[in-house]
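Asker: Supplied in structure tokens, the structure appears directly below.
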Amino acid sequence: MRRLALALLWAPGLSVAAGLEGHVGLVVDGKPLRAEEAAEVVVYFRAASPAPLQPPATPYTMSTQRKQFTPRILPVVVGSQVRFPNQDPILHNAFSTSKDNAFDVGLYGSGEEQTVTFGHAGYVRVYCNVHHSMVGHILVLDTPYFTRPGPDGTFRLDDLP
């Protein structure tokens, strides 16, 4: 029975999924940052052969709350939609001048929202033209294999090719 199992593991054309786990630690000037700051990191894996991308049917959300974009960093896959609901009692705007994913949703009030589709992989820095200190970050990925570390910096990616 053991020989048969080993033969199946090495059979040509047989796909085997793998996992990847680790720990992210951030260091600045040789000094470690607080462990919970690693939760701001995005860990992703690109396979040698690109995997098909299937954006979720439900849009991601980057809210405006207390004059901040929440979450501050948002990973999505190419083709995904991102909602920008305004949860503050004041006007906001969300816009980006990023090369391939530029957008401007205009001013919108409390309880309103705008949605943007991101069609190209890359980094998108999001601003509010009303509140210049507001900055959000969207990482549009060309791979479905990504995760965010937990507050202790540990992460796990499953079902990798």
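Residues in the structure tokens are numbered from 1 in each chain, the chains being A, B, ... in the order shown, and ligands are numbered from 1 in the order shown.
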Which residues are close to segment 61-75 of chain A, i.e. within 6 Å by only C-alpha atoms, leaving aside same-chain residues fewer than 2 positions away? Reply as a ChimeraX atom specification.
Answerer: /A:82-88,134,136-139
Asker: Leaving out Ala39 of chain A and any residue of its chain fewer than 3 positions from it, which residues lie within 12 Å of it when counting only C-alpha atoms, given as a list in words?
Answerer: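 Near neighbours after the sequence-gap exclusion: His23, Val24, Gly25, Leu26, Leu33, Arg34, Ala35, Glu36, Val42, Val43, Pro71, Arg72, Ile73, Leu74, Thr147, Arg148, Pro149, Gly150, Pro151, Asp152, Gly153, Thr154 and Phe155 of chain A.
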Asker: Would you save the residues of that selection, restricted to N, CA and C atoms, as a short mmCIF file (atom, residue, chain, number, x, y, z; two decimals), in the first residue's frame?
Answerer:
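The file below, selection39.cif, is the result:
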```
data_model
loop_
_atom_site.label_atom_id
_atom_site.label_comp_id
_atom_site.auth_asym_id
_atom_site.auth_seq_id
_atom_site.Cartn_x
_atom_site.Cartn_y
_atom_site.Cartn_z
N HIS A 23 6.23 34.26 9.59
CA HIS A 23 6.08 35.34 10.55
C HIS A 23 6.72 36.59 9.96
N VAL A 24 6.01 37.70 10.01
CA VAL A 24 6.53 38.97 9.52
C VAL A 24 6.94 39.80 10.73
N GLY A 25 8.17 40.28 10.69
CA GLY A 25 8.66 41.20 11.71
C GLY A 25 9.21 42.43 11.01
N LEU A 26 8.83 43.59 11.45
CA LEU A 26 9.28 44.83 10.83
C LEU A 26 10.37 45.48 11.67
N LEU A 33 9.75 47.03 15.24
CA LEU A 33 8.51 47.76 15.51
C LEU A 33 7.58 46.86 16.31
N ARG A 34 6.49 47.42 16.80
CA ARG A 34 5.52 46.63 17.55
C ARG A 34 4.98 45.50 16.66
N ALA A 35 4.76 44.35 17.23
CA ALA A 35 4.31 43.17 16.47
C ALA A 35 3.02 43.46 15.71
N GLU A 36 2.09 44.21 16.31
CA GLU A 36 0.81 44.46 15.66
C GLU A 36 0.94 45.31 14.39
N VAL A 42 0.94 43.07 3.45
CA VAL A 42 0.25 42.14 2.57
C VAL A 42 1.28 41.12 2.10
N VAL A 43 0.99 39.85 2.31
CA VAL A 43 1.85 38.77 1.86
C VAL A 43 1.15 38.12 0.67
N PRO A 71 -10.28 50.02 5.77
CA PRO A 71 -8.93 49.84 6.28
C PRO A 71 -7.95 50.77 5.56
N ARG A 72 -6.84 51.00 6.17
CA ARG A 72 -5.83 51.89 5.60
C ARG A 72 -5.14 51.24 4.41
N ILE A 73 -4.99 49.91 4.46
CA ILE A 73 -4.38 49.14 3.38
C ILE A 73 -5.35 48.03 2.99
N LEU A 74 -5.65 47.95 1.69
CA LEU A 74 -6.64 46.99 1.21
C LEU A 74 -6.09 46.23 0.01
N THR A 147 -2.69 37.23 1.65
CA THR A 147 -3.26 37.26 2.99
C THR A 147 -2.67 38.43 3.75
N ARG A 148 -3.21 38.70 4.91
CA ARG A 148 -2.69 39.70 5.84
C ARG A 148 -2.26 38.96 7.11
N PRO A 149 -1.09 39.27 7.65
CA PRO A 149 -0.68 38.65 8.91
C PRO A 149 -1.62 39.04 10.05
N GLY A 150 -1.66 38.18 11.04
CA GLY A 150 -2.42 38.49 12.24
C GLY A 150 -1.69 39.52 13.09
N PRO A 151 -2.27 39.93 14.20
CA PRO A 151 -1.65 40.94 15.06
C PRO A 151 -0.28 40.54 15.60
N ASP A 152 -0.01 39.22 15.62
CA ASP A 152 1.31 38.77 16.10
C ASP A 152 2.31 38.59 14.95
N GLY A 153 1.88 38.92 13.71
CA GLY A 153 2.78 38.84 12.56
C GLY A 153 2.77 37.51 11.83
N THR A 154 2.01 36.53 12.32
CA THR A 154 2.00 35.21 11.66
C THR A 154 1.01 35.22 10.48
N PHE A 155 1.35 34.45 9.45
CA PHE A 155 0.47 34.34 8.29
C PHE A 155 0.51 32.91 7.77
#
```
Asker: Quick one: pull the distance between atom CA of Ala57 of chain A and atom CA of Ala18 of chain A, Å, one decimal.
Answerer: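 Answer for the atom CA of Ala57 of chain A to atom CA of Ala18 of chain A separation: 26.2 Å.
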Asker: Provide the atom CA of Pro55 of chain A to atom CA of Val105 of chain A distance in Å, to one decimal place.
Answerer: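 Separation of atom CA of Pro55 of chain A and atom CA of Val105 of chain A: 21.1 Å.
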Asker: Give the strand (DSSP E or B) residues of segment 42-143 of chain A, as assigned by DSSP on the backbone, as number ranges by chain.
Answerer: A: 43-44, 60-61, 63-65, 68-70, 73-77, 81-86, 92, 95-96, 103-104, 108, 113-117, 122-127, 135-141
Asker: Excluding Gln81 of chain A and its own-chain neighbours fewer than 4 positions away, which residues fall within 10 Å of it when counting only C-alpha atoms? Please give them as an NGL selection string.
Answerer: :A and (55-61 or 76-77 or 115-119)
Asker: For the residues in that selection, give me C-alpha atoms as an mmCIF file, in the first residue's frame.
Answerer:
```
data_model
loop_
_atom_site.group_PDB
_atom_site.id
_atom_site.type_symbol
_atom_site.label_atom_id
_atom_site.label_comp_id
_atom_site.auth_asym_id
_atom_site.auth_seq_id
_atom_site.Cartn_x
_atom_site.Cartn_y
_atom_site.Cartn_z
ATOM 1 C CA PRO A 55 -12.958 38.846 -8.331
ATOM 2 C CA PRO A 56 -15.507 38.380 -5.559
ATOM 3 C CA ALA A 57 -19.152 39.078 -6.390
ATOM 4 C CA THR A 58 -19.394 41.329 -3.341
ATOM 5 C CA PRO A 59 -17.283 44.505 -3.537
ATOM 6 C CA TYR A 60 -14.515 45.181 -1.059
ATOM 7 C CA THR A 61 -15.032 48.193 1.218
ATOM 8 C CA VAL A 76 -7.766 43.150 -3.917
ATOM 9 C CA VAL A 77 -7.451 41.164 -7.156
ATOM 10 C CA THR A 115 -17.881 52.223 -6.206
ATOM 11 C CA VAL A 116 -14.766 51.867 -8.366
ATOM 12 C CA THR A 117 -13.557 48.863 -10.410
ATOM 13 C CA PHE A 118 -9.790 48.274 -10.499
ATOM 14 C CA GLY A 119 -8.758 46.770 -13.830
#
```
Asker: Quote the spacing between atom CA of Val140 of chain A and atom CA of Gly79 of chain A in Å to one decimal place.
Answerer: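 Distance reported for this atom pair: 8.7 Å.
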Asker: Which residues are near Ala17 of chain A? Cut-off 12 Å, only C-alpha atoms, ignore same chain within fewer than 5 positions. Put them as a count of residues only.
Answerer: 7
Asker: Measuring between only C-alpha atoms, which one of A:Ala94, A:Gly106, A:Tyr145, A:Lys99 shows the shortest distance to His131 of chain A?
Answerer: A:Ala94
